[in-house]
Each structure stands twice: as structure tokens, then as C-alpha cells.
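Data block for start.cif (mmCIF, C-alpha atoms):
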```cif
data_query
#
loop_
_atom_site.group_PDB
_atom_site.id
_atom_site.type_symbol
_atom_site.label_atom_id
_atom_site.label_comp_id
_atom_site.auth_asym_id
_atom_site.auth_seq_id
_atom_site.Cartn_x
_atom_site.Cartn_y
_atom_site.Cartn_z
ATOM 1 C CA MET E 573 -100.529 -214.223 24.104
ATOM 2 C CA ILE E 574 -98.487 -215.567 21.188
ATOM 3 C CA LYS E 575 -95.739 -213.089 20.326
ATOM 4 C CA ASN E 576 -93.130 -215.324 18.671
ATOM 5 C CA ILE E 577 -93.960 -217.658 15.787
ATOM 6 C CA LEU E 578 -91.598 -220.142 14.131
ATOM 7 C CA PHE E 579 -92.447 -221.814 10.834
ATOM 8 C CA GLY E 580 -90.752 -224.261 8.506
ATOM 9 C CA VAL E 581 -89.852 -223.565 4.886
ATOM 10 C CA ASP E 582 -89.258 -226.526 2.562
ATOM 11 C CA GLY E 583 -90.494 -225.436 -0.860
ATOM 12 C CA SER E 584 -93.475 -227.785 -0.848
ATOM 13 C CA ALA E 585 -97.072 -226.790 -1.552
ATOM 14 C CA TYR E 586 -97.983 -227.534 2.069
ATOM 15 C CA GLY E 587 -95.019 -225.458 3.189
ATOM 16 C CA GLU E 588 -96.286 -222.471 1.223
ATOM 17 C CA VAL E 589 -99.655 -222.746 2.970
ATOM 18 C CA ALA E 590 -97.899 -222.927 6.358
ATOM 19 C CA ARG E 591 -96.083 -219.731 5.415
ATOM 20 C CA GLU E 592 -99.373 -217.978 4.629
ATOM 21 C CA TYR E 593 -100.837 -218.984 7.989
ATOM 22 C CA ALA E 594 -97.688 -217.905 9.839
ATOM 23 C CA ILE E 595 -97.639 -214.498 8.135
ATOM 24 C CA ASP E 596 -101.360 -213.958 8.662
ATOM 25 C CA LEU E 597 -101.144 -214.835 12.362
ATOM 26 C CA ALA E 598 -98.056 -212.697 12.892
ATOM 27 C CA LEU E 599 -99.794 -209.699 11.349
ATOM 28 C CA ARG E 600 -102.988 -210.183 13.363
ATOM 29 C CA LEU E 601 -101.217 -210.908 16.649
ATOM 30 C CA ASN E 602 -98.430 -208.372 16.131
ATOM 31 C CA ALA E 603 -95.974 -211.204 16.657
ATOM 32 C CA GLN E 604 -92.326 -211.726 15.711
ATOM 33 C CA LEU E 605 -91.780 -214.234 12.917
ATOM 34 C CA GLU E 606 -88.912 -216.624 12.198
ATOM 35 C CA ALA E 607 -88.662 -218.754 9.064
ATOM 36 C CA VAL E 608 -86.379 -221.775 9.204
ATOM 37 C CA HIS E 609 -85.191 -224.087 6.442
ATOM 38 C CA ILE E 610 -83.502 -227.300 7.512
ATOM 39 C CA VAL E 611 -81.099 -229.043 5.162
ATOM 40 C CA ASP E 612 -81.826 -232.685 5.887
ATOM 41 C CA SER E 613 -78.494 -234.219 6.856
ATOM 42 C CA ARG E 614 -79.798 -237.642 5.888
ATOM 43 C CA LEU E 615 -79.502 -236.594 2.250
ATOM 44 C CA LEU E 616 -75.756 -236.223 2.819
ATOM 45 C CA ASP E 617 -75.395 -239.719 4.208
ATOM 46 C CA PHE E 618 -73.484 -241.691 1.565
ATOM 47 C CA PRO E 619 -75.366 -245.015 1.995
ATOM 48 C CA LEU E 620 -78.649 -243.201 1.407
ATOM 49 C CA ILE E 621 -77.658 -241.224 -1.657
ATOM 50 C CA ALA E 622 -75.552 -243.872 -3.384
ATOM 51 C CA PRO E 623 -78.480 -245.948 -4.723
ATOM 52 C CA GLN E 624 -80.170 -242.805 -5.998
ATOM 53 C CA THR E 625 -77.126 -241.329 -7.721
ATOM 54 C CA GLY E 626 -75.549 -244.493 -9.056
ATOM 55 C CA LEU E 627 -72.289 -243.817 -7.221
ATOM 56 C CA ILE E 628 -70.102 -246.838 -6.765
ATOM 57 C CA THR E 629 -67.207 -245.401 -4.788
ATOM 58 C CA TRP E 630 -67.185 -242.710 -2.108
ATOM 59 C CA ASN E 631 -66.347 -239.304 -3.543
ATOM 60 C CA PRO E 632 -65.955 -236.402 -1.081
ATOM 61 C CA GLY E 633 -66.261 -233.893 -3.915
ATOM 62 C CA VAL E 634 -69.703 -235.157 -4.842
ATOM 63 C CA LEU E 635 -70.921 -234.922 -1.235
ATOM 64 C CA ASN E 636 -69.482 -231.446 -0.830
ATOM 65 C CA GLY E 637 -71.152 -230.381 -4.039
ATOM 66 C CA LEU E 638 -74.468 -231.806 -2.914
ATOM 67 C CA GLN E 639 -74.221 -230.041 0.435
ATOM 68 C CA GLU E 640 -73.488 -226.733 -1.276
ATOM 69 C CA ALA E 641 -76.383 -227.235 -3.689
ATOM 70 C CA LEU E 642 -78.782 -227.986 -0.836
ATOM 71 C CA LYS E 643 -77.525 -224.945 1.071
ATOM 72 C CA THR E 644 -77.967 -222.696 -1.958
ATOM 73 C CA SER E 645 -81.466 -224.032 -2.537
ATOM 74 C CA GLY E 646 -82.389 -223.415 1.106
ATOM 75 C CA GLU E 647 -81.023 -219.880 1.046
ATOM 76 C CA LYS E 648 -83.067 -219.170 -2.074
ATOM 77 C CA LEU E 649 -86.247 -220.449 -0.407
ATOM 78 C CA LEU E 650 -85.610 -218.292 2.648
ATOM 79 C CA CYS E 651 -84.967 -215.238 0.491
ATOM 80 C CA GLU E 652 -88.231 -215.798 -1.373
ATOM 81 C CA THR E 653 -90.029 -216.245 1.958
ATOM 82 C CA ALA E 654 -88.601 -212.991 3.321
ATOM 83 C CA GLU E 655 -89.779 -211.199 0.178
ATOM 84 C CA ARG E 656 -93.250 -212.670 0.606
ATOM 85 C CA GLY E 657 -93.327 -211.410 4.173
ATOM 86 C CA LYS E 658 -92.123 -207.974 3.101
ATOM 87 C CA ALA E 659 -94.887 -207.786 0.501
ATOM 88 C CA ALA E 660 -97.406 -208.620 3.232
ATOM 89 C CA GLY E 661 -96.007 -205.884 5.444
ATOM 90 C CA ILE E 662 -93.997 -207.917 7.928
ATOM 91 C CA SER E 663 -90.285 -208.485 8.440
ATOM 92 C CA MET E 664 -88.945 -211.802 9.654
ATOM 93 C CA VAL E 665 -85.793 -213.530 10.773
ATOM 94 C CA THR E 666 -84.621 -216.300 8.424
ATOM 95 C CA THR E 667 -82.470 -219.204 9.596
ATOM 96 C CA LEU E 668 -80.714 -222.020 7.756
ATOM 97 C CA GLU E 669 -80.061 -225.164 9.790
ATOM 98 C CA PHE E 670 -78.493 -228.559 9.100
ATOM 99 C CA GLY E 671 -79.584 -231.836 10.657
ATOM 100 C CA HIS E 672 -82.562 -234.144 11.067
ATOM 101 C CA PRO E 673 -85.610 -231.866 10.582
ATOM 102 C CA ALA E 674 -87.651 -233.171 13.519
ATOM 103 C CA GLN E 675 -84.671 -233.081 15.878
ATOM 104 C CA VAL E 676 -83.620 -229.575 14.835
ATOM 105 C CA LEU E 677 -87.162 -228.253 15.169
ATOM 106 C CA SER E 678 -87.411 -229.829 18.602
ATOM 107 C CA GLU E 679 -84.210 -228.075 19.643
ATOM 108 C CA ILE E 680 -85.099 -224.620 18.320
ATOM 109 C CA GLN E 681 -88.805 -224.610 19.219
ATOM 110 C CA THR E 682 -87.994 -222.854 22.487
ATOM 111 C CA ARG E 683 -87.368 -219.691 20.486
ATOM 112 C CA ALA E 684 -91.104 -219.449 19.795
ATOM 113 C CA GLU E 685 -94.498 -219.752 21.437
ATOM 114 C CA LEU E 686 -96.056 -221.359 18.362
ATOM 115 C CA VAL E 687 -94.602 -223.652 15.685
ATOM 116 C CA VAL E 688 -96.352 -223.682 12.291
ATOM 117 C CA LEU E 689 -95.732 -226.524 9.834
ATOM 118 C CA GLY E 690 -97.446 -227.950 6.777
ATOM 119 C CA ARG E 691 -99.121 -231.301 7.262
ATOM 120 C CA GLN E 692 -96.923 -232.858 4.611
ATOM 121 C CA GLY E 693 -93.488 -231.845 3.459
ATOM 122 C CA GLU E 694 -91.288 -231.856 0.418
ATOM 123 C CA HIS E 695 -90.507 -235.569 0.549
ATOM 124 C CA SER E 696 -93.791 -236.844 1.966
ATOM 125 C CA SER E 697 -95.985 -239.449 0.350
ATOM 126 C CA SER E 698 -99.505 -238.764 -0.822
ATOM 127 C CA SER E 699 -100.927 -240.793 2.060
ATOM 128 C CA ALA E 700 -103.186 -238.979 4.497
ATOM 129 C CA GLU E 701 -101.480 -240.707 7.423
ATOM 130 C CA PHE E 702 -98.384 -239.040 8.801
ATOM 131 C CA THR E 703 -97.131 -241.823 11.050
ATOM 132 C CA GLY E 704 -93.337 -241.736 11.010
ATOM 133 C CA SER E 705 -93.212 -238.331 9.341
ATOM 134 C CA THR E 706 -91.281 -235.270 10.457
ATOM 135 C CA MET E 707 -94.596 -233.892 11.655
ATOM 136 C CA GLU E 708 -95.325 -236.795 13.972
ATOM 137 C CA ARG E 709 -91.762 -236.904 15.292
ATOM 138 C CA LEU E 710 -91.906 -233.201 16.100
ATOM 139 C CA ILE E 711 -95.257 -233.521 17.861
ATOM 140 C CA ARG E 712 -93.886 -236.359 19.966
ATOM 141 C CA ARG E 713 -91.094 -234.057 21.172
ATOM 142 C CA ALA E 714 -92.917 -230.724 21.152
ATOM 143 C CA SER E 715 -93.061 -228.538 24.214
ATOM 144 C CA ARG E 716 -94.680 -225.698 22.271
ATOM 145 C CA PRO E 717 -98.114 -225.674 20.609
ATOM 146 C CA CYS E 718 -97.901 -226.874 16.998
ATOM 147 C CA LEU E 719 -100.186 -225.560 14.281
ATOM 148 C CA VAL E 720 -100.464 -228.178 11.527
ATOM 149 C CA THR E 721 -101.755 -226.555 8.343
ATOM 150 C CA PRO E 722 -103.790 -228.197 5.546
ATOM 151 C CA ARG E 723 -103.454 -228.036 1.768
ATOM 152 C CA ALA E 724 -105.224 -224.671 1.352
ATOM 153 C CA PHE E 725 -105.212 -221.373 3.237
ATOM 154 C CA GLN E 726 -108.273 -219.645 4.617
ATOM 155 C CA PRO E 727 -108.370 -216.899 7.266
ATOM 156 C CA ILE E 728 -109.081 -218.085 10.806
ATOM 157 C CA THR E 729 -112.462 -216.662 11.830
ATOM 158 C CA LYS E 730 -113.719 -219.126 14.468
ATOM 159 C CA ILE E 731 -112.024 -221.727 16.660
ATOM 160 C CA LEU E 732 -113.333 -225.111 17.788
ATOM 161 C CA VAL E 733 -111.571 -226.609 20.809
ATOM 162 C CA GLY E 734 -112.091 -230.199 21.866
ATOM 163 C CA ILE E 735 -111.909 -230.897 25.599
ATOM 164 C CA ASP E 736 -112.028 -234.162 27.532
ATOM 165 C CA GLY E 737 -111.020 -233.266 31.074
ATOM 166 C CA SER E 738 -107.392 -234.243 30.550
ATOM 167 C CA PRO E 739 -104.438 -231.961 31.381
ATOM 168 C CA ALA E 740 -103.520 -231.684 27.697
ATOM 169 C CA GLY E 741 -107.127 -230.813 26.865
ATOM 170 C CA GLY E 742 -107.064 -228.137 29.544
ATOM 171 C CA ARG E 743 -103.918 -226.611 28.102
ATOM 172 C CA ALA E 744 -105.475 -226.699 24.629
ATOM 173 C CA LEU E 745 -108.445 -224.773 26.029
ATOM 174 C CA HIS E 746 -106.152 -222.106 27.490
ATOM 175 C CA GLU E 747 -104.312 -221.742 24.172
ATOM 176 C CA ALA E 748 -107.595 -221.568 22.243
ATOM 177 C CA VAL E 749 -109.000 -218.900 24.569
ATOM 178 C CA GLU E 750 -105.869 -216.768 24.263
ATOM 179 C CA LEU E 751 -105.764 -217.167 20.497
ATOM 180 C CA ALA E 752 -109.466 -216.345 20.110
ATOM 181 C CA ASN E 753 -108.998 -213.211 22.201
ATOM 182 C CA GLY E 754 -105.871 -212.232 20.301
ATOM 183 C CA LEU E 755 -107.603 -212.628 16.950
ATOM 184 C CA HIS E 756 -110.908 -211.158 18.234
ATOM 185 C CA ILE E 757 -112.912 -214.144 17.036
ATOM 186 C CA PRO E 758 -115.447 -216.480 18.726
ATOM 187 C CA LEU E 759 -114.709 -219.839 20.291
ATOM 188 C CA VAL E 760 -116.742 -223.051 20.269
ATOM 189 C CA ILE E 761 -116.046 -225.540 23.063
ATOM 190 C CA LEU E 762 -116.879 -229.192 22.348
ATOM 191 C CA ALA E 763 -116.822 -232.174 24.704
ATOM 192 C CA VAL E 764 -117.385 -235.586 23.119
ATOM 193 C CA ALA E 765 -118.750 -238.488 25.176
ATOM 194 C CA GLU E 766 -117.789 -241.779 23.589
ATOM 195 C CA ARG E 767 -120.831 -243.428 25.257
ATOM 196 C CA GLU E 768 -124.201 -242.121 26.394
ATOM 197 C CA ARG E 769 -123.342 -242.857 30.021
ATOM 198 C CA ASP E 770 -120.369 -240.484 29.725
ATOM 199 C CA LEU E 771 -122.523 -237.556 28.619
ATOM 200 C CA PRO E 772 -123.009 -236.052 32.133
ATOM 201 C CA GLN E 773 -119.246 -235.813 32.561
ATOM 202 C CA ALA E 774 -118.898 -234.217 29.119
ATOM 203 C CA GLN E 775 -121.545 -231.645 30.059
ATOM 204 C CA LYS E 776 -119.705 -230.931 33.305
ATOM 205 C CA ASN E 777 -116.475 -230.427 31.348
ATOM 206 C CA THR E 778 -118.118 -227.893 29.029
ATOM 207 C CA LEU E 779 -119.550 -225.917 31.971
ATOM 208 C CA GLN E 780 -116.121 -225.678 33.573
ATOM 209 C CA ALA E 781 -114.529 -224.744 30.264
ATOM 210 C CA HIS E 782 -117.131 -222.064 29.605
ATOM 211 C CA SER E 783 -116.499 -220.566 33.052
ATOM 212 C CA LEU E 784 -112.802 -220.308 32.226
ATOM 213 C CA ALA E 785 -113.528 -218.671 28.862
ATOM 214 C CA ARG E 786 -115.851 -216.130 30.520
ATOM 215 C CA ALA E 787 -113.207 -215.363 33.136
ATOM 216 C CA HIS E 788 -110.915 -214.403 30.269
ATOM 217 C CA GLU E 789 -113.677 -212.392 28.581
ATOM 218 C CA CYS E 790 -113.716 -214.740 25.606
ATOM 219 C CA ALA E 791 -116.894 -215.065 23.547
ATOM 220 C CA ALA E 792 -117.582 -218.800 23.676
ATOM 221 C CA ALA E 793 -120.373 -221.272 22.994
ATOM 222 C CA THR E 794 -120.475 -224.861 24.287
ATOM 223 C CA LEU E 795 -121.574 -228.115 22.679
ATOM 224 C CA THR E 796 -121.589 -231.790 23.584
ATOM 225 C CA ALA E 797 -121.770 -234.821 21.318
ATOM 226 C CA VAL E 798 -121.806 -238.593 21.637
ATOM 227 C CA GLY E 799 -119.709 -240.927 19.505
ATOM 228 C CA PRO E 800 -116.146 -241.484 18.317
ATOM 229 C CA PRO E 801 -114.194 -238.314 19.191
ATOM 230 C CA ALA E 802 -112.282 -237.795 15.933
ATOM 231 C CA PRO E 803 -115.270 -237.920 13.529
ATOM 232 C CA ARG E 804 -117.381 -235.815 15.904
ATOM 233 C CA LEU E 805 -114.679 -233.151 16.088
ATOM 234 C CA LEU E 806 -114.401 -232.959 12.301
ATOM 235 C CA GLU E 807 -118.179 -232.959 11.820
ATOM 236 C CA THR E 808 -118.735 -230.236 14.404
ATOM 237 C CA ALA E 809 -115.990 -228.064 12.932
ATOM 238 C CA ALA E 810 -117.746 -228.220 9.563
ATOM 239 C CA GLU E 811 -121.235 -227.682 11.005
ATOM 240 C CA THR E 812 -120.170 -224.619 13.013
ATOM 241 C CA ASP E 813 -118.003 -223.118 10.228
ATOM 242 C CA CYS E 814 -114.916 -223.190 12.397
ATOM 243 C CA SER E 815 -111.651 -222.522 10.584
ATOM 244 C CA LEU E 816 -109.248 -223.848 13.225
ATOM 245 C CA LEU E 817 -109.479 -226.888 15.478
ATOM 246 C CA ALA E 818 -107.557 -227.032 18.770
ATOM 247 C CA LEU E 819 -107.075 -230.104 20.945
ATOM 248 C CA GLY E 820 -104.650 -231.775 23.288
ATOM 249 C CA SER E 821 -102.156 -234.071 21.617
ATOM 250 C CA HIS E 822 -103.337 -236.799 23.988
ATOM 251 C CA GLY E 823 -106.079 -237.187 26.555
ATOM 252 C CA HIS E 824 -108.212 -239.498 28.657
ATOM 253 C CA GLY E 825 -109.007 -242.650 26.726
ATOM 254 C CA TRP E 826 -107.282 -241.361 23.600
ATOM 255 C CA ILE E 827 -103.763 -242.632 24.226
ATOM 256 C CA TYR E 828 -101.906 -245.144 26.320
ATOM 257 C CA ASP E 829 -98.887 -246.300 24.360
ATOM 258 C CA ARG E 830 -98.114 -243.312 22.126
ATOM 259 C CA LEU E 831 -97.244 -239.685 22.760
ATOM 260 C CA ILE E 832 -99.661 -238.559 20.076
ATOM 261 C CA GLY E 833 -103.087 -240.040 20.503
ATOM 262 C CA SER E 834 -105.144 -241.740 17.830
ATOM 263 C CA THR E 835 -107.766 -238.981 17.927
ATOM 264 C CA ALA E 836 -105.159 -236.248 17.417
ATOM 265 C CA ALA E 837 -103.507 -238.225 14.622
ATOM 266 C CA HIS E 838 -106.812 -238.931 12.876
ATOM 267 C CA VAL E 839 -107.996 -235.326 13.087
ATOM 268 C CA THR E 840 -104.675 -233.815 12.048
ATOM 269 C CA SER E 841 -104.258 -236.055 9.016
ATOM 270 C CA ARG E 842 -107.779 -235.444 7.699
ATOM 271 C CA ALA E 843 -108.912 -231.983 8.754
ATOM 272 C CA PRO E 844 -109.427 -229.475 5.916
ATOM 273 C CA ILE E 845 -108.595 -226.705 8.418
ATOM 274 C CA PRO E 846 -105.475 -226.133 10.537
ATOM 275 C CA VAL E 847 -105.171 -228.122 13.755
ATOM 276 C CA LEU E 848 -103.524 -226.695 16.866
ATOM 277 C CA LEU E 849 -102.006 -229.508 18.931
ATOM 278 C CA VAL E 850 -101.087 -228.761 22.542
ATOM 279 C CA HIS E 851 -99.143 -231.028 24.890
#
```
Show this structure as C-alpha cells.
Amino acid sequence: MIKNILFGVDGSAYGEVAREYAIDLALRLNAQLEAVHIVDSRLLDFPLIAPQTGLITWNPGVLNGLQEALKTSGEKLLCETAERGKAAGISMVTTLEFGHPAQVLSEIQTRAELVVLGRQGEHSSSSAEFTGSTMERLIRRASRPCLVTPRAFQPITKILVGIDGSPAGGRALHEAVELANGLHIPLVILAVAERERDLPQAQKNTLQAHSLARAHECAAATLTAVGPPAPRLLETAAETDCSLLALGSHGHGWIYDRLIGSTAAHVTSRAPIPVLLVH
């Protein structure tokens, strides 16, 4: 059961949605909550800021002033976040960190059982893809489940979990079952066969998954589909009115040369609902 949740605060619209999901889950799971704001140390790197500021010579006073301004801004965001939590009826720990956001999050993730982050951050582009982003870098290094939130909040009322027989898919199933039980909501288990000849194996996977869900007294239904995994996952989530999608960050046939598979990347960057990625 998730009892410690960590979420990022960056002042962006996506960050505000991540905050709403983190607060809602903490209230429903009776979990401890920690909000962290990371002052990106790259912004204090003189070669990076010089072209933006027009500086010609190195000036320690300017860098010190910038660092203090970034710190003050972060503290203000954390204060506002704590007030939002208080208004919702929950207290939280707030932490200000300095460093590379993905690296810092990777280091402090062990303080939680779930990390919640907006799909895009304060300095992200408008592109749906998040290759190279803080989000992808964190997922590559994550040892904890990561909940990637979309552009709008909606309460989680039903979970869809994608399974493929891989170890990561199995761990995603376990997390989905525990979360569904903790939230007292139903679970839909989906196995996608990329080809018709793979359908028997997909059906076998769903039977095994359903047995596990029943052993944990989780209300679960099973489905199978044929086709490209990512589109089928998104389509099924919409058709079954699921409001959270869980899957392994990589699985059989989904990844060979990357630590986050193409299916996970495609789903996470396009899903209108939060995506729980499990290593």
C-alpha cells in the first residue's frame, strides 16, 4: 500500500495538476505527502545564462543574485503548495533542493513509494514528445513507480493495467491491484497481442493476472486486443472509462535499446489520463 508520496512543484500548469493528483491520492490513501521544488543548477551555469542575459564578463554578484531570486521563487511556490494542501485538509513536508532536476529526483525518490510529476514542466516545449526531458530522464533512473499526470485533473475512479508477461508488466499489475484496493475502485486488465497468432498467449496472461487480482480480493475484469499496443491501450482506456493507466516502463517486444520502451513513451506523451509507469 502506498503510504508516502513525493511530488514535484515547478509553478507550471502541469505541475499544478500533479499537485492536485498528489493531494487527492494522499487523502484517499491516508498517505504522507512531500512537495519538492528543485532549483535547476543549470540556470546558474554562466555559459548558459550569458547569452540570455547579455552578460559579457563574469560577475559573481549577478550569479548570487540569480541564485537568491530562484531560491525565493521556489520557497514561495512551496508555501503556496502547503497552503493548498492545508485547504484540502492535509499537511505536507516541503523541501527545496538544488541541482539537476532529474538527478535530484532520482536521489530522493527513495523517500517515497510513489513519485508524481506533471508530463511537462516549466521549461518544456509544447511538443507531445518528452524525449530528453526531465520526465524521461527520471523514468530511466526510477526505482519507484512514477505517476505522470496530464494537463487536466479528474478523480481516479477506474484503473486500466496493460500486461504483456514481462517482469515490469507483472510489477505494474501488482501496483495497480494495490492501488485499486486502496482507492476502492475497479480494475481492468488488458493484454494486447500484436499479431493474431499471439492472442492465445495474451489470453493466458489475462487469466493469470485475473487469478492474482482475485487472490488480493480486487474487483477486476479482463480484456484482450490485437494490434499495436500503444493505440490499443489508449483506445481501451477511453472505451472502458478508465481514469488511470498503469503499465511497465518496458516489456517483451517493447524495448531493446532504451530503458523506457516505445509503448510507454507513446502512451505517456499522449494519454489524457495519468499514467503509472513501473520498472
Using the chain letters and numbering of this document, enumerate as a compact mmCIF listing (two decimals) with C-alpha atoms, keeping the file's coordinate frame the residues selected by the PyMOL selection byres ((chain E and resi 821) around 12).
```txt
# COMPACT_ATOMS: atom_id res chain seq x y z
CA GLU E 708 -95.32 -236.80 13.97
CA LEU E 710 -91.91 -233.20 16.10
CA ILE E 711 -95.26 -233.52 17.86
CA ARG E 712 -93.89 -236.36 19.97
CA ARG E 713 -91.09 -234.06 21.17
CA ALA E 714 -92.92 -230.72 21.15
CA SER E 715 -93.06 -228.54 24.21
CA ARG E 716 -94.68 -225.70 22.27
CA PRO E 717 -98.11 -225.67 20.61
CA CYS E 718 -97.90 -226.87 17.00
CA LEU E 719 -100.19 -225.56 14.28
CA VAL E 720 -100.46 -228.18 11.53
CA GLY E 734 -112.09 -230.20 21.87
CA ILE E 735 -111.91 -230.90 25.60
CA ASP E 736 -112.03 -234.16 27.53
CA SER E 738 -107.39 -234.24 30.55
CA PRO E 739 -104.44 -231.96 31.38
CA ALA E 740 -103.52 -231.68 27.70
CA GLY E 741 -107.13 -230.81 26.86
CA GLY E 742 -107.06 -228.14 29.54
CA ARG E 743 -103.92 -226.61 28.10
CA ALA E 744 -105.48 -226.70 24.63
CA LEU E 817 -109.48 -226.89 15.48
CA ALA E 818 -107.56 -227.03 18.77
CA LEU E 819 -107.08 -230.10 20.94
CA GLY E 820 -104.65 -231.78 23.29
CA HIS E 822 -103.34 -236.80 23.99
CA GLY E 823 -106.08 -237.19 26.56
CA HIS E 824 -108.21 -239.50 28.66
CA TRP E 826 -107.28 -241.36 23.60
CA ILE E 827 -103.76 -242.63 24.23
CA ARG E 830 -98.11 -243.31 22.13
CA LEU E 831 -97.24 -239.68 22.76
CA ILE E 832 -99.66 -238.56 20.08
CA GLY E 833 -103.09 -240.04 20.50
CA SER E 834 -105.14 -241.74 17.83
CA THR E 835 -107.77 -238.98 17.93
CA ALA E 836 -105.16 -236.25 17.42
CA ALA E 837 -103.51 -238.22 14.62
CA HIS E 838 -106.81 -238.93 12.88
CA VAL E 839 -108.00 -235.33 13.09
CA THR E 840 -104.68 -233.82 12.05
CA VAL E 847 -105.17 -228.12 13.76
CA LEU E 848 -103.52 -226.70 16.87
CA LEU E 849 -102.01 -229.51 18.93
CA VAL E 850 -101.09 -228.76 22.54
CA HIS E 851 -99.14 -231.03 24.89
```
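The nearest approach to E:Val676 among the residues E:Glu640, E:Glu592, E:Glu647, E:Asp612, with all atoms listed in the file taken into account, belongs to E:Asp612.
Interatomic distance, atom CA of E:Gly754 against atom CA of E:Val589: 21.2 Å.
Closest approach to E:Leu755 among E:Leu605, E:Leu779, E:Ile610, E:Leu816 is made by E:Leu816 (distances from all atoms listed in the file).
You can rank E:Pro673, E:Arg842, E:Asp770, E:Leu732 by their closest distance to E:Leu795 using all atoms listed in the file, and at the top of that list sits E:Leu732.
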